[in-house]
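A.B. asks: File follows, entry-v3.pdb with PDB, C-alpha atoms and all ligand atoms:
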MODEL        1
ATOM      1  CA  MET A 102     101.826 108.825  85.658  1.00  0.00           C
ATOM      2  CA  ASP A 103      98.740 106.848  84.744  1.00  0.00           C
ATOM      3  CA  TYR A 104      95.644 108.552  86.221  1.00  0.00           C
ATOM      4  CA  LYS A 105      94.573 105.338  87.960  1.00  0.00           C
ATOM      5  CA  ILE A 106      97.899 105.128  89.784  1.00  0.00           C
ATOM      6  CA  LYS A 107      97.481 108.763  90.821  1.00  0.00           C
ATOM      7  CA  ARG A 108      94.060 107.966  92.287  1.00  0.00           C
ATOM      8  CA  LEU A 109      95.408 104.885  94.043  1.00  0.00           C
ATOM      9  CA  LEU A 110      98.291 106.873  95.446  1.00  0.00           C
ATOM     10  CA  GLU A 111      95.999 109.620  96.751  1.00  0.00           C
ATOM     11  CA  LYS A 112      93.661 107.125  98.403  1.00  0.00           C
ATOM     12  CA  ALA A 113      96.531 105.162  99.966  1.00  0.00           C
ATOM     13  CA  LYS A 114      98.090 108.368 101.321  1.00  0.00           C
ATOM     14  CA  GLN A 115      94.742 109.427 102.819  1.00  0.00           C
ATOM     15  CA  ALA A 116      94.318 105.974 104.381  1.00  0.00           C
ATOM     16  CA  LYS A 117      97.810 106.210 105.876  1.00  0.00           C
ATOM     17  CA  GLU A 118      96.643 109.313 107.749  1.00  0.00           C
ATOM     18  CA  ASN A 119      94.175 107.081 109.621  1.00  0.00           C
ATOM     19  CA  SER A 120      96.737 104.401 110.436  1.00  0.00           C
ATOM     20  CA  TYR A 121      96.551 103.316 114.072  1.00  0.00           C
ATOM     21  CA  ALA A 122     100.148 102.415 114.922  1.00  0.00           C
ATOM     22  CA  PRO A 123     100.944 103.584 118.473  1.00  0.00           C
ATOM     23  CA  TYR A 124     103.300 100.614 119.051  1.00  0.00           C
ATOM     24  CA  SER A 125     105.464 100.562 115.930  1.00  0.00           C
ATOM     25  CA  ASN A 126     104.894 104.144 114.807  1.00  0.00           C
ATOM     26  CA  PHE A 127     105.105 102.648 111.324  1.00  0.00           C
ATOM     27  CA  HIS A 128     102.203 104.074 109.353  1.00  0.00           C
ATOM     28  CA  VAL A 129     101.082 102.259 106.213  1.00  0.00           C
ATOM     29  CA  GLY A 130      98.373 102.964 103.649  1.00  0.00           C
ATOM     30  CA  ALA A 131      97.120 100.756 100.859  1.00  0.00           C
ATOM     31  CA  ALA A 132      94.656 101.128  98.035  1.00  0.00           C
ATOM     32  CA  VAL A 133      93.205  98.478  95.793  1.00  0.00           C
ATOM     33  CA  ILE A 134      91.401  98.916  92.506  1.00  0.00           C
ATOM     34  CA  GLY A 135      89.031  96.079  91.763  1.00  0.00           C
ATOM     35  CA  LYS A 136      87.992  94.681  88.394  1.00  0.00           C
ATOM     36  CA  ASN A 137      84.816  96.737  89.013  1.00  0.00           C
ATOM     37  CA  ASP A 138      87.008  99.867  88.805  1.00  0.00           C
ATOM     38  CA  LYS A 139      86.214 100.836  92.393  1.00  0.00           C
ATOM     39  CA  ILE A 140      88.937 101.845  94.812  1.00  0.00           C
ATOM     40  CA  TYR A 141      89.146 100.496  98.362  1.00  0.00           C
ATOM     41  CA  SER A 142      91.694 101.775 100.837  1.00  0.00           C
ATOM     42  CA  GLY A 143      92.959 100.746 104.235  1.00  0.00           C
ATOM     43  CA  SER A 144      95.571 101.425 106.866  1.00  0.00           C
ATOM     44  CA  ASN A 145      97.327  99.258 109.419  1.00  0.00           C
ATOM     45  CA  VAL A 146      95.465  98.891 112.704  1.00  0.00           C
ATOM     46  CA  GLU A 147      97.569  97.742 115.640  1.00  0.00           C
ATOM     47  CA  ASN A 148      96.543  96.279 118.976  1.00  0.00           C
ATOM     48  CA  ALA A 149      97.938  96.134 122.522  1.00  0.00           C
ATOM     49  CA  SER A 150      97.877  92.380 121.913  1.00  0.00           C
ATOM     50  CA  TYR A 151     100.432  92.828 119.122  1.00  0.00           C
ATOM     51  CA  GLY A 152      99.564  89.709 117.156  1.00  0.00           C
ATOM     52  CA  LEU A 153      96.086  91.044 116.447  1.00  0.00           C
ATOM     53  CA  THR A 154      97.510  93.823 114.305  1.00  0.00           C
ATOM     54  CA  ILE A 155      96.222  93.923 110.758  1.00  0.00           C
ATOM     55  CA  CYS A 156      98.133  95.336 107.816  1.00  0.00           C
ATOM     56  CA  ALA A 157      96.935  98.090 105.527  1.00  0.00           C
ATOM     57  CA  GLU A 158      96.832  95.830 102.472  1.00  0.00           C
ATOM     58  CA  ARG A 159      94.550  93.278 104.093  1.00  0.00           C
ATOM     59  CA  ASN A 160      92.209  95.950 105.411  1.00  0.00           C
ATOM     60  CA  ALA A 161      91.873  97.375 101.893  1.00  0.00           C
ATOM     61  CA  ILE A 162      91.433  93.948 100.265  1.00  0.00           C
ATOM     62  CA  PHE A 163      88.833  92.806 102.782  1.00  0.00           C
ATOM     63  CA  LYS A 164      86.806  95.952 102.104  1.00  0.00           C
ATOM     64  CA  MET A 165      86.829  95.048  98.425  1.00  0.00           C
ATOM     65  CA  VAL A 166      85.742  91.489  99.130  1.00  0.00           C
ATOM     66  CA  ASN A 167      83.013  92.683 101.480  1.00  0.00           C
ATOM     67  CA  ASP A 168      81.749  94.868  98.653  1.00  0.00           C
ATOM     68  CA  GLY A 169      81.331  91.756  96.489  1.00  0.00           C
ATOM     69  CA  GLU A 170      84.403  92.204  94.276  1.00  0.00           C
ATOM     70  CA  ARG A 171      86.798  89.251  94.036  1.00  0.00           C
ATOM     71  CA  GLU A 172      89.497  90.427  91.650  1.00  0.00           C
ATOM     72  CA  ILE A 173      92.269  92.942  92.276  1.00  0.00           C
ATOM     73  CA  SER A 174      93.362  94.827  89.159  1.00  0.00           C
ATOM     74  CA  ALA A 175      96.063  96.674  91.054  1.00  0.00           C
ATOM     75  CA  ILE A 176      97.159  97.302  94.622  1.00  0.00           C
ATOM     76  CA  LEU A 177      99.400 100.068  95.909  1.00  0.00           C
ATOM     77  CA  VAL A 178     101.147 100.222  99.279  1.00  0.00           C
ATOM     78  CA  ILE A 179     102.887 103.210 100.811  1.00  0.00           C
ATOM     79  CA  GLY A 180     104.727 103.950 104.032  1.00  0.00           C
ATOM     80  CA  ASP A 181     107.006 106.704 105.289  1.00  0.00           C
ATOM     81  CA  THR A 182     110.061 104.906 103.936  1.00  0.00           C
ATOM     82  CA  GLU A 183     112.849 105.882 101.561  1.00  0.00           C
ATOM     83  CA  GLU A 184     112.741 102.361 100.129  1.00  0.00           C
ATOM     84  CA  PHE A 185     109.846 101.016  98.099  1.00  0.00           C
ATOM     85  CA  LEU A 186     107.629  99.323 100.704  1.00  0.00           C
ATOM     86  CA  PRO A 187     107.009  95.633  99.986  1.00  0.00           C
ATOM     87  CA  PRO A 188     103.903  93.845 101.277  1.00  0.00           C
ATOM     88  CA  CYS A 189     104.634  91.376 104.096  1.00  0.00           C
ATOM     89  CA  GLY A 190     104.416  87.633 103.508  1.00  0.00           C
ATOM     90  CA  ALA A 191     100.926  87.278 104.996  1.00  0.00           C
ATOM     91  CA  CYS A 192      99.636  90.074 102.770  1.00  0.00           C
ATOM     92  CA  ARG A 193     101.276  88.515  99.701  1.00  0.00           C
ATOM     93  CA  GLN A 194      99.306  85.347 100.371  1.00  0.00           C
ATOM     94  CA  VAL A 195      96.062  87.311 100.732  1.00  0.00           C
ATOM     95  CA  ILE A 196      96.801  89.396  97.635  1.00  0.00           C
ATOM     96  CA  SER A 197      97.384  86.181  95.685  1.00  0.00           C
ATOM     97  CA  GLU A 198      93.967  84.839  96.713  1.00  0.00           C
ATOM     98  CA  PHE A 199      92.252  87.655  94.803  1.00  0.00           C
ATOM     99  CA  SER A 200      94.713  88.136  91.954  1.00  0.00           C
ATOM    100  CA  THR A 201      95.274  87.034  88.399  1.00  0.00           C
ATOM    101  CA  GLU A 202      98.426  87.055  86.306  1.00  0.00           C
ATOM    102  CA  ARG A 203      97.387  90.566  85.234  1.00  0.00           C
ATOM    103  CA  THR A 204      97.289  91.993  88.773  1.00  0.00           C
ATOM    104  CA  ILE A 205      99.837  94.741  89.356  1.00  0.00           C
ATOM    105  CA  VAL A 206     101.467  95.624  92.681  1.00  0.00           C
ATOM    106  CA  TYR A 207     102.892  99.115  93.207  1.00  0.00           C
ATOM    107  CA  MET A 208     105.347  99.446  96.079  1.00  0.00           C
ATOM    108  CA  CYS A 209     105.845 103.119  96.944  1.00  0.00           C
ATOM    109  CA  ASN A 210     108.286 105.137  98.945  1.00  0.00           C
ATOM    110  CA  LYS A 211     107.381 108.206 101.006  1.00  0.00           C
ATOM    111  CA  HIS A 212     107.932 110.461  98.004  1.00  0.00           C
ATOM    112  CA  GLY A 213     105.261 108.666  95.989  1.00  0.00           C
ATOM    113  CA  LYS A 214     107.796 107.061  93.658  1.00  0.00           C
ATOM    114  CA  TYR A 215     107.046 103.435  93.050  1.00  0.00           C
ATOM    115  CA  LYS A 216     108.302 100.087  91.855  1.00  0.00           C
ATOM    116  CA  LYS A 217     105.847  98.093  89.795  1.00  0.00           C
ATOM    117  CA  THR A 218     105.768  94.329  90.215  1.00  0.00           C
ATOM    118  CA  THR A 219     103.527  91.283  89.842  1.00  0.00           C
ATOM    119  CA  VAL A 220     102.053  88.788  92.272  1.00  0.00           C
ATOM    120  CA  GLU A 221     103.970  86.001  90.528  1.00  0.00           C
ATOM    121  CA  GLU A 222     107.195  87.822  91.314  1.00  0.00           C
ATOM    122  CA  LEU A 223     106.213  88.463  94.946  1.00  0.00           C
ATOM    123  CA  ILE A 224     104.943  84.992  95.741  1.00  0.00           C
ATOM    124  CA  PRO A 225     106.117  82.207  93.468  1.00  0.00           C
ATOM    125  CA  PHE A 226     104.978  78.691  94.494  1.00  0.00           C
ATOM    126  CA  LYS A 227     101.949  80.188  96.220  1.00  0.00           C
ATOM    127  CA  PHE A 228      99.526  78.034  98.155  1.00  0.00           C
ATOM    128  CA  SER A 229      96.151  78.314  96.456  1.00  0.00           C
ATOM    129  CA  ILE A 230      92.719  76.789  96.024  1.00  0.00           C
ATOM    130  CA  ASP A 231      94.264  74.457  93.422  1.00  0.00           C
ATOM    131  CA  PHE A 232      95.663  72.324  96.249  1.00  0.00           C
ATOM    132  CA  LEU A 233      92.357  71.950  98.065  1.00  0.00           C
TER     133      LEU A 233
HETATM  134  N1  LIG B 301     102.518  96.638 108.000  1.00  0.00           N
HETATM  135  C1  LIG B 301     101.582  96.824 107.027  1.00  0.00           C
HETATM  136  O1  LIG B 301     100.549  97.456 107.259  1.00  0.00           O
HETATM  137  N2  LIG B 301     101.821  96.303 105.809  1.00  0.00           N
HETATM  138  C2  LIG B 301     102.948  95.619 105.458  1.00  0.00           C
HETATM  139  O2  LIG B 301     103.014  95.037 104.381  1.00  0.00           O
HETATM  140  C3  LIG B 301     104.092  95.610 106.390  1.00  0.00           C
HETATM  141  C4  LIG B 301     103.730  95.854 107.808  1.00  0.00           C
HETATM  142  C5  LIG B 301     102.281  97.206 109.335  1.00  0.00           C
HETATM  143  C6  LIG B 301     101.990  96.200 110.409  1.00  0.00           C
HETATM  144  C7  LIG B 301     102.419  96.931 111.640  1.00  0.00           C
HETATM  145  O3  LIG B 301     101.356  97.740 112.103  1.00  0.00           O
HETATM  146  C8  LIG B 301     103.526  97.861 111.168  1.00  0.00           C
HETATM  147  O4  LIG B 301     103.425  97.911 109.755  1.00  0.00           O
HETATM  148  C9  LIG B 301     104.931  97.408 111.550  1.00  0.00           C
HETATM  149  O5  LIG B 301     105.128  96.078 111.208  1.00  0.00           O
ENDMDL
END
Hey, can you dump this file as C-alpha cells for me?
C.D. replies:
Amino acid sequence: MDYKIKRLLEKAKQAKENSYAPYSNFHVGAAVIGKNDKIYSGSNVENASYGLTICAERNAIFKMVNDGEREISAILVIGDTEEFLPPCGACRQVISEFSTERTIVYMCNKHGKYKKTTVEELIPFKFSIDFL
C-alpha cells in the first residue's frame, strides 16, 4: 500500500473515533490530502435537529479550505461497514468543487480495504462554476 494511503487511512480512522453520531450510531471518518501535501481529517457531527448534521468528508474538506488549500489530491472515507463506503451526494458535490481530473477517492470498508475511484466516476454531469 502506498505510504500516503496508509497515512490517510490512519488519520481517517483516528477522526472516526471522534465522530459524534448519537442518533444514527453510524461513525464515519475522512481524510483529505491537499496539493500542499498536508492531511486534514474530519468526522461526522450530528445534531438533535437532524438536518444540521455534517458529514465527515465535508468537515475534512472545509478544514483544508480554511487552511488556504483549494485542491484535493486524494480523499479517503471510512466507516464501520463491510462494503466500501461511498460519499453521499452532497459530499460528492463538495468534493467536486475542490477536485481536478487527477483527484482520487478511496472508499474503505471497516477492514481498511478500499476501492479507488475518481470524482468523474462519482459525479458525472456535475454542477460547477462553469455554469455561473
Ligand atoms: N455520513 C457521512 O459522514 N458521510 C457520508 O458520506 C455518508 C453519511 C454520516 C452522516 C450521518 O451522521 C451518518 O453518516 C448517517 O447518515
A.B. asks: Enumerate as number ranges by chain the residues within 9 Å of ligand LIG 301 (chain B), counting only C-alpha atoms and all ligand atoms.
C.D. replies: A: 120-131, 143-148, 151, 154-160, 178-180, 186-193
A.B. asks: Expand the PyMOL selection byres (((chain A and resi 215) around 10) and not hetatm) into the individual residues it matches in the shown file, reporting them as an NGL selection string.
C.D. replies: :A and (106 or 110 or 177-179 or 184-186 or 206-214 or 216-218)
A.B. asks: Can you spit out the residues from that selection as a PDB file, in the frame of the given file, using C-alpha atoms?
C.D. replies:
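Saved the output as result06.pdb:
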ATOM      1  CA  ILE A 106      97.899 105.128  89.784  1.00  0.00           C
ATOM      2  CA  LEU A 110      98.291 106.873  95.446  1.00  0.00           C
ATOM      3  CA  LEU A 177      99.400 100.068  95.909  1.00  0.00           C
ATOM      4  CA  VAL A 178     101.147 100.222  99.279  1.00  0.00           C
ATOM      5  CA  ILE A 179     102.887 103.210 100.811  1.00  0.00           C
ATOM      6  CA  GLU A 184     112.741 102.361 100.129  1.00  0.00           C
ATOM      7  CA  PHE A 185     109.846 101.016  98.099  1.00  0.00           C
ATOM      8  CA  LEU A 186     107.629  99.323 100.704  1.00  0.00           C
ATOM      9  CA  VAL A 206     101.467  95.624  92.681  1.00  0.00           C
ATOM     10  CA  TYR A 207     102.892  99.115  93.207  1.00  0.00           C
ATOM     11  CA  MET A 208     105.347  99.446  96.079  1.00  0.00           C
ATOM     12  CA  CYS A 209     105.845 103.119  96.944  1.00  0.00           C
ATOM     13  CA  ASN A 210     108.286 105.137  98.945  1.00  0.00           C
ATOM     14  CA  LYS A 211     107.381 108.206 101.006  1.00  0.00           C
ATOM     15  CA  HIS A 212     107.932 110.461  98.004  1.00  0.00           C
ATOM     16  CA  GLY A 213     105.261 108.666  95.989  1.00  0.00           C
ATOM     17  CA  LYS A 214     107.796 107.061  93.658  1.00  0.00           C
ATOM     18  CA  LYS A 216     108.302 100.087  91.855  1.00  0.00           C
ATOM     19  CA  LYS A 217     105.847  98.093  89.795  1.00  0.00           C
ATOM     20  CA  THR A 218     105.768  94.329  90.215  1.00  0.00           C
TER      21      THR A 218
END
A.B. asks: Do you know which residues the PyMOL selection byres (((chain A and resi 133) around 9) and not hetatm) returns on this file, as a ChimeraX atom specification?
C.D. replies: /A:109,113,131-132,134-135,139-143,158,161-162,165,173-178
A.B. asks: Provide the atom CA of A:Glu198 to atom CA of A:Ser229 distance in Å, to one decimal place.
C.D. replies: 6.9 Å
A.B. asks: Atom CA of A:Gly152 and atom CA of A:Ile205, how far apart in Å?
C.D. replies: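 A separation of 28.3 Å between them.
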A.B. asks: Can you measure atom CA of A:Asn137 to atom CA of A:Asp168 for me? One decimal in Å is fine.
C.D. replies: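 A separation of 10.3 Å between them.
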A.B. asks: Of the residues A:Thr182, A:Asn119, A:Ser150, A:Ser197, which is the one nearest to A:Phe228, using only C-alpha atoms?
C.D. replies: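 Of A:Thr182, A:Asn119, A:Ser150, A:Ser197, the one nearest A:Phe228, counting only C-alpha atoms, is A:Ser197.
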A.B. asks: Applied to this file, what does the PyMOL selection byres (((chain A and resi 221) around 10) and not hetatm) return in terms of residues, put as a ChimeraX atom specification?
C.D. replies: /A:193,197,200-205,218-220,222-227
